[in-house]
Amino acid sequence: MKQAFDVTGMTCSACSAHVEKAVRQTEGVSAVNVNLLQNRMQVEFDEKRTDAAAIVRAVEQAGYGAKPRGEEEAAPAAKMREAPAAAEIRSLRHRLIVSLCFLVPLFYLSMGHMMGLPIPAFFSGAENAFALALTELLLTIPILYEGRAYFSRGFKTLWHRAPNMDALIAIGSGAAVVYGVYALYAIGFAMGRGNLHTAHSFAMDLYFESAGMILTLITCGKFLEARSRGRTSEAIAMLLDLAPKTAVLLRDGAEVEVPIAEVRAGDIAVVRSGQRIPADGVVLSGSAAVDESALTGESIPAEKQPGDRVTGATVTEAGYMQIEVQHTGEDSTLAQIVRLVEEAGGSKAPIAQLADRVSAIFVPTVITIAVITGIIWLILGQTPGFALARAIAVLVISCPCALGLATPTAIMVGTGRGAQQGILYKSAESLQALQGVNTVVLDKTGTVTEGKPRVTDILPAEGVREEELLHLAASAERASEHPLARAITEYAAEKGLTLTDPDGYQLAEGAGIQAKVNGKTVFAGNPRQMQAAGAEPGELLTRGSALSEQGKTPLYFSEGGRMLGLIAVADTIKPQSARAVKTLRQMGIDTVLLTGDNARTAAAIGRQAGIRRVVAEVLPADKERTVFGLQQEGRRVAMVGDGINDAPALARADVGMAIGAGTDIAIEAADVVLMRSDLLDAAGAIQLSRAVLRNIKENLFWAFIYNMIGIPLAAGVFFPLLGWTLNPMFGAAAMSLSSVCVVSNALRLRGFSPHFASEEKAAEPAIEPEISTPAGKAAPTAACPLSAGADKTQKEENTMEKTMVIEGMMCAHCKASVEKALGALDGVTAKVDLEKKSAHITMQSPVSDETLLQAVKDAGYEPVSLA
């Protein structure tokens with residue numbers, strides 16, 4: 001079981017290390033992740049061996065507080081943190097103001113004479129030493145009261161033998177106050193015996209101002225840190241602000257405005273221009289341009305029509321829609337994005353392990369160094385005041401906070417910035433792994449290409465107008481459900497052509513179709529069917545072969561014995577794919593195109609995108625093996641894909657990156673989700689991960705170097721040679737600023753923007769990709785055409801046949817449904833025999849058994865066997 005807890009009382013990395021250690025030692029606990037930045041803990045444990053109450057007790061015994069977060073609390077975690085964070089800032093501001101009000105006169109009295117400032121006569125001179133000391137004590141008491149939390153927490157952790165940063169502050173400032181009180185009594189004792197010289201010397205070493213300054217500076221640092229830390233989760237807050245507060249629902253024919261919490265799946269929501277879509281759903285009627293930039297980073301509004309899916313919290317820029325609500329609350333896309341960003345920001349990167357190990361022993365080590373420092377200076381003959389000052393300086397300059405904040409602040413800001421740009425990291429581990437990637441494997445369909453056939457070329461025969469060819473072709477194909485036919489009809493619709501319903505539509509097995517349009521029979525298919533219909537392709541055959549060389553599928557059309565022309569259809573590459581490949585190459589990353597398509601098509605796409613290495617004709621299992629093979633070569637591999645068949649390869653890769661428009665299975669298997677379905681975001685994700693890791697290393701370097709230099713300086717190591725010492729007050733200031741510097745450095749990531757290759761000549765067409773197949777043999781890149789006009793011998797060599805036994809088929813409708821489902825697969829035709837309850841399947845290119853079986857299942861029938 002996995003349970004989230006809110007933890008109270010943690011102030012530094014030593015605290016989180018002690019909490020983690022205490023919980024990890026609890027019987028039945030298998031994993032613990034404590035996040036100092038969010039004051040949150042994730043625990044995985046065996047419910048049969050322990051429970052949440054036992055985990056809470058373990059935290060309390062370590063000196064801290066914990067409370068399980070219920071389901072209703074876990075969801076809007078960022079909103080829950082918003083109120084405590086604001087309360088903490090208000091409290092720190094109040095404490096800082098009060099402390100400053102008393103620190104200023106305290107500092108004036110204790111240090112004013114050194115600066116040549118006038119001091120009231122009743123505080124001047126040895127005879128007034130007792131009045132001066134007593135006044136300084138009275139001014140220090142309110143500062144001690146405002147900083148009482150440091151003492152309560154610090155001594156509590158000392159009692160539990162798990163000292164933290166508060167213990168350092170409590171010991172340091174407490175020692176200064178105790179010495180000051182001792183000096184106050186010593187002044188009174190000396191003055192009672194008329195020894196004004198001794199009284200004056202004690203009055204010059206009271207250290208009340210050091211205690212007050214230490215506590216005030218630490219409070220100031222905490223205040224600045226709290227404000228900066230609040231800005232690290234700004235991206236999550238911005239996402240939460242996107243959620244609409246109300247929705248307009250259609251009930252009993254009337255529009256009713258209700259709170260968003262009352263919206264349920266199945267409700268009909270009404271959205272007008274300028275309004276936010278209240279929940280995820282499907283457009284029932286109307287149309288609109290929807291601005292999805294807040295969630296995906298895509299600046300161009302998406303046109304939504306009936307049947308299209310819409311996402312809650314996006315903005316309708318123009319139009320009117322009625323939407324059927326499908327997902328609300330924690331099931332919505334917005335809630336899932338927020339949860340993903342929070343989990344990633346709260347997770348721990350492997351690079352943080354060193355800082356965690358150091359933090360666990362840091363405070364006890366510092367206390368030991370401080371004690372040894374004081375003893376050594378006393379042995380060397382220095383005054384107790386000098387020795388105490390050096391020991392206090394060691395305590396207050398040491399900063400475990402900088403170590404603890406170095407990693408989580410950068411990760412939270414980085415993952416938040418990624419979310420703003422449509423890049424979702426699922427964990428800090430995947431973010432760190434991505435920065436080391438040197439090879440990116442790209443799935444072709446839907447990743448590099450659009451994933452949908454489109455008309456690319458229209459070549460009318462001599463004497464035929466282009467509009468005539470397109471009208472007759474689209475009208476003839478209008479009754480077909482084949483993806484290539486849909487591409488032609490959609491293209492005709494885009495051109496504004498009015499199509500004619502065909503009569504006598506017939507499907508010619510493996511060759512094409514014929515239909516009557518305006519009383520004339522139009523034939524569509526390959527060259528053989530054209531010849532059978534009495535039309536000779538002639539020069540069009542040569543031009544069709546050239547199009548096949550480019551990975552396109554030429555479809556030939558004739559009517560009444562004369563050629564009308566040919567229309568080429570292809571799954572074209574996305575506009576930014578070539579630019580993305582060039583960007584990756586400039587980053588020193590190799591790209592590999594991995595696809596189940598034939599070598600000809602794969603080579604053409606690789607050539608257009610500028611990809612140097614192409615692996616074609618792979619099955620899903622082959623994709624996973626190919627990724628594994630690259631890893632065996634010593635490469636760090638990222639896989640980018642969007643389909644069910646990409647899931648094994650996504651899981652195998654060092655980092656799996658799913659295109660956001662892909663399947664749920666692919667997204668589940670991936671480590672990073674690209675919301676915009678833009679390959680450029682893959683390059684952007686890697687650049688951001690590199691920036692985050694660079695920022696973390698800068699933070700860790702600063703945290704380690706600061707302590708390595710600051711502690712020896714505070715201890716007085718340089719005093720014998722150079723005369724350098726560090727006043728405890730400056731040590732406290734340095735300690736406070738160290739945490740602020742680390743957080744401020746992490747906040748620089750909010751301005752991160754990826755750098756892409758120039759759009760001009762993004763691809764390098766001159767590059768001829770290296771083609772291979774799973775068998776390892778070089779595949780032809782410009783061999784026999786594989787299109788509808790291909791050579792018969794080549795086609796027969798590539799043809800594969802299988803028989804599937806299917807349960808549930810009972811009538812001609814069932815037969816047509818199964819044939820249609822299988823026929824929708826690229827290169828597949830099927831012939832169903834109802835008596836034998838089987839389908840004879842012919843494949844022109846490799847298609848996996850899983851894909852065939854799934855197609856039949858999706859059609860509502862149960863496949864029994866496939867051979």
# chains A, B, ... in the order shown; residues from 1 in each chain; ligands from 1
$ residues_around --residues "Lys67 of chain A" --least-positions-apart "6" --cutoff "9 Å" --atoms "only C-alpha atoms" --output "NGL selection string"
:A and (4-8 or 52-53 or 56)
$ select_by_dssp --residues "segment 503-662 of chain A" --states "helix (DSSP H, G or I)" --output "PyMOL selection string"
chain A and resi 527-532+539-549+577-586+599-609+620-632+644-652
$ closest_residue --among "A:Ala211, A:Met587, A:Ala602, A:Ala265" --to "Gln550 of chain A" --atoms "only C-alpha atoms"
A:Ala602
$ residues_around --residues "Val43 of chain A" --least-positions-apart "3" --cutoff "6 Å" --atoms "only C-alpha atoms" --output "list in words"
Lys2, Gln3, Ala31 and Val32 of chain A
$ select_by_dssp --residues "segment 475-626 of chain A" --states "strand (DSSP E or B)" --output "NGL selection string"
:A and (503-508 or 512-517 or 520-525 or 553-559 or 562-570 or 573 or 590-594 or 613-615)
$ write_last_selection --atoms "N, CA and C atoms" --output "short mmCIF file (atom, residue, chain, number, x, y, z; two decimals), in the first residue's frame"
data_model
loop_
_atom_site.label_atom_id
_atom_site.label_comp_id
_atom_site.auth_asym_id
_atom_site.auth_seq_id
_atom_site.Cartn_x
_atom_site.Cartn_y
_atom_site.Cartn_z
N ASP A 503 -23.36 4.75 -57.42
CA ASP A 503 -24.27 3.61 -57.56
C ASP A 503 -23.45 2.37 -57.91
N GLY A 504 -23.98 1.21 -57.56
CA GLY A 504 -23.34 -0.04 -57.96
C GLY A 504 -21.92 -0.17 -57.44
N TYR A 505 -21.70 0.29 -56.21
CA TYR A 505 -20.36 0.21 -55.64
C TYR A 505 -19.96 -1.25 -55.46
N GLN A 506 -18.78 -1.63 -55.96
CA GLN A 506 -18.29 -3.01 -55.83
C GLN A 506 -16.82 -2.98 -55.44
N LEU A 507 -16.48 -3.93 -54.54
CA LEU A 507 -15.09 -4.08 -54.12
C LEU A 507 -14.48 -5.23 -54.87
N ALA A 508 -13.43 -4.96 -55.63
CA ALA A 508 -12.72 -6.01 -56.36
C ALA A 508 -11.59 -6.51 -55.46
N GLY A 512 -9.03 -3.18 -56.14
CA GLY A 512 -9.59 -1.84 -56.05
C GLY A 512 -11.09 -1.86 -56.01
N ILE A 513 -11.73 -0.81 -56.56
CA ILE A 513 -13.19 -0.71 -56.53
C ILE A 513 -13.69 -0.23 -57.88
N GLN A 514 -15.00 -0.41 -58.07
CA GLN A 514 -15.66 0.19 -59.21
C GLN A 514 -17.01 0.70 -58.76
N ALA A 515 -17.45 1.84 -59.33
CA ALA A 515 -18.73 2.43 -58.94
C ALA A 515 -19.21 3.32 -60.08
N LYS A 516 -20.52 3.51 -60.14
CA LYS A 516 -21.10 4.37 -61.16
C LYS A 516 -21.29 5.78 -60.59
N VAL A 517 -20.74 6.76 -61.31
CA VAL A 517 -20.87 8.15 -60.93
C VAL A 517 -21.48 8.90 -62.11
N LYS A 520 -21.73 6.82 -65.25
CA LYS A 520 -20.51 6.30 -65.85
C LYS A 520 -19.75 5.46 -64.82
N THR A 521 -19.20 4.35 -65.28
CA THR A 521 -18.48 3.46 -64.37
C THR A 521 -17.05 3.94 -64.19
N VAL A 522 -16.71 4.20 -62.94
CA VAL A 522 -15.36 4.65 -62.59
C VAL A 522 -14.63 3.51 -61.89
N PHE A 523 -13.42 3.22 -62.36
CA PHE A 523 -12.59 2.18 -61.76
C PHE A 523 -11.46 2.83 -60.96
N ALA A 524 -11.17 2.28 -59.79
CA ALA A 524 -10.06 2.77 -58.96
C ALA A 524 -9.26 1.59 -58.47
N GLY A 525 -7.92 1.68 -58.55
CA GLY A 525 -7.10 0.58 -58.08
C GLY A 525 -5.70 0.63 -58.65
N THR A 553 1.63 6.05 -51.91
CA THR A 553 0.79 5.01 -52.53
C THR A 553 -0.02 5.64 -53.67
N PRO A 554 0.31 5.29 -54.95
CA PRO A 554 -0.45 5.85 -56.07
C PRO A 554 -1.72 5.03 -56.35
N LEU A 555 -2.85 5.71 -56.48
CA LEU A 555 -4.11 5.07 -56.82
C LEU A 555 -4.52 5.56 -58.21
N TYR A 556 -4.79 4.60 -59.11
CA TYR A 556 -5.10 4.93 -60.51
C TYR A 556 -6.61 4.94 -60.71
N PHE A 557 -7.08 5.86 -61.58
CA PHE A 557 -8.52 6.00 -61.84
C PHE A 557 -8.76 6.05 -63.36
N SER A 558 -9.83 5.33 -63.78
CA SER A 558 -10.21 5.35 -65.20
C SER A 558 -11.74 5.37 -65.30
N GLU A 559 -12.21 5.75 -66.50
CA GLU A 559 -13.66 5.82 -66.72
C GLU A 559 -13.93 5.62 -68.22
N ARG A 562 -10.88 5.15 -70.65
CA ARG A 562 -9.85 6.19 -70.70
C ARG A 562 -9.31 6.46 -69.30
N MET A 563 -8.02 6.75 -69.21
CA MET A 563 -7.39 7.05 -67.94
C MET A 563 -7.79 8.45 -67.47
N LEU A 564 -8.17 8.54 -66.20
CA LEU A 564 -8.45 9.84 -65.60
C LEU A 564 -7.21 10.44 -64.95
N GLY A 565 -6.37 9.57 -64.41
CA GLY A 565 -5.14 10.04 -63.75
C GLY A 565 -4.85 9.22 -62.52
N LEU A 566 -3.96 9.72 -61.72
CA LEU A 566 -3.64 9.04 -60.46
C LEU A 566 -3.58 10.05 -59.32
N ILE A 567 -3.89 9.56 -58.14
CA ILE A 567 -3.82 10.36 -56.92
C ILE A 567 -2.92 9.63 -55.95
N ALA A 568 -1.89 10.29 -55.45
CA ALA A 568 -0.95 9.68 -54.50
C ALA A 568 -1.35 10.06 -53.09
N VAL A 569 -1.32 9.07 -52.22
CA VAL A 569 -1.67 9.26 -50.81
C VAL A 569 -0.51 8.76 -49.95
N ALA A 570 -0.22 9.47 -48.88
CA ALA A 570 0.87 9.06 -48.00
C ALA A 570 0.63 9.58 -46.60
N ILE A 573 5.12 13.38 -43.11
CA ILE A 573 5.79 13.69 -41.85
C ILE A 573 5.22 14.98 -41.27
N ASP A 590 22.09 10.84 -31.48
CA ASP A 590 21.76 10.07 -32.68
C ASP A 590 20.27 9.74 -32.70
N THR A 591 19.69 9.66 -33.87
CA THR A 591 18.28 9.29 -34.01
C THR A 591 18.15 8.02 -34.83
N VAL A 592 17.20 7.18 -34.45
CA VAL A 592 16.92 5.93 -35.14
C VAL A 592 15.42 5.86 -35.39
N LEU A 593 15.04 5.58 -36.63
CA LEU A 593 13.62 5.43 -36.97
C LEU A 593 13.26 3.96 -36.90
N LEU A 594 12.23 3.64 -36.13
CA LEU A 594 11.83 2.26 -35.90
C LEU A 594 10.38 2.12 -36.33
N ARG A 613 19.63 6.50 -39.58
CA ARG A 613 19.50 5.05 -39.39
C ARG A 613 18.03 4.68 -39.28
N VAL A 614 17.61 3.69 -40.08
CA VAL A 614 16.21 3.28 -40.13
C VAL A 614 16.15 1.76 -39.97
N VAL A 615 15.29 1.32 -39.06
CA VAL A 615 15.03 -0.12 -38.89
C VAL A 615 13.58 -0.35 -39.26
#
$ closest_residue --among "A:Ile659, A:Glu429, A:Lys697, A:Thr773" --to "Asn598 of chain A" --atoms "only C-alpha atoms"
A:Thr773
$ residues_around --residues "segment 740-744 of chain A" --least-positions-apart "5" --cutoff "9 Å" --atoms "only C-alpha atoms" --output "ChimeraX atom specification"
/A:221-222,224-225,228-229,232,402-403,405-406,409-410,698-700,702-703
$ residues_around --residues "Ser16 of chain A" --least-positions-apart "4" --cutoff "8 Å" --atoms "only C-alpha atoms" --output "PyMOL selection string"
chain A and resi 10+12+20+34-36
$ write_last_selection --atoms "C-alpha atoms" --output "PDB file, in the first residue's frame"
ATOM      1  CA  MET A  10      11.040  19.751   9.519  1.00  0.00           C
ATOM      2  CA  CYS A  12      16.410  21.293   7.168  1.00  0.00           C
ATOM      3  CA  GLU A  20      13.164   8.949   6.691  1.00  0.00           C
ATOM      4  CA  VAL A  34      10.469  12.492   2.454  1.00  0.00           C
ATOM      5  CA  ASN A  35      10.191  15.827   0.680  1.00  0.00           C
ATOM      6  CA  LEU A  36      11.472  18.765   2.719  1.00  0.00           C
TER       7      LEU A  36
END
$ closest_residue --among "A:Pro712, A:Ile423, A:Asp833, A:Arg607" --to "Trp724 of chain A" --atoms "only C-alpha atoms"
A:Pro712
$ residues_around --residues "segment 848-865 of chain A" --least-positions-apart "3" --cutoff "7 Å" --atoms "only C-alpha atoms" --output "short mmCIF file (atom, residue, chain, number, x, y, z; two decimals) with N, CA and C atoms, in the first residue's frame"
data_model
loop_
_atom_site.label_atom_id
_atom_site.label_comp_id
_atom_site.auth_asym_id
_atom_site.auth_seq_id
_atom_site.Cartn_x
_atom_site.Cartn_y
_atom_site.Cartn_z
N LEU A 619 8.18 -6.01 -35.71
CA LEU A 619 7.01 -6.29 -34.91
C LEU A 619 7.20 -5.64 -33.54
N MET A 804 -7.96 -17.11 -39.15
CA MET A 804 -8.37 -16.85 -37.77
C MET A 804 -9.76 -17.45 -37.53
N VAL A 805 -9.89 -18.24 -36.47
CA VAL A 805 -11.19 -18.78 -36.06
C VAL A 805 -11.82 -17.80 -35.08
N ILE A 806 -13.10 -17.44 -35.36
CA ILE A 806 -13.74 -16.36 -34.60
C ILE A 806 -15.11 -16.82 -34.11
N GLU A 807 -15.40 -16.58 -32.83
CA GLU A 807 -16.70 -16.87 -32.24
C GLU A 807 -17.57 -15.63 -32.28
N GLY A 808 -18.90 -15.84 -32.44
CA GLY A 808 -19.83 -14.73 -32.35
C GLY A 808 -20.37 -14.24 -33.68
N SER A 817 -18.67 -6.75 -40.81
CA SER A 817 -18.00 -6.02 -39.71
C SER A 817 -16.59 -6.54 -39.51
N VAL A 818 -16.41 -7.86 -39.53
CA VAL A 818 -15.08 -8.43 -39.32
C VAL A 818 -14.17 -8.10 -40.50
N ALA A 821 -13.15 -4.50 -40.16
CA ALA A 821 -12.18 -4.27 -39.08
C ALA A 821 -10.77 -4.69 -39.50
N LEU A 822 -10.66 -5.85 -40.13
CA LEU A 822 -9.35 -6.32 -40.56
C LEU A 822 -8.85 -5.53 -41.77
#
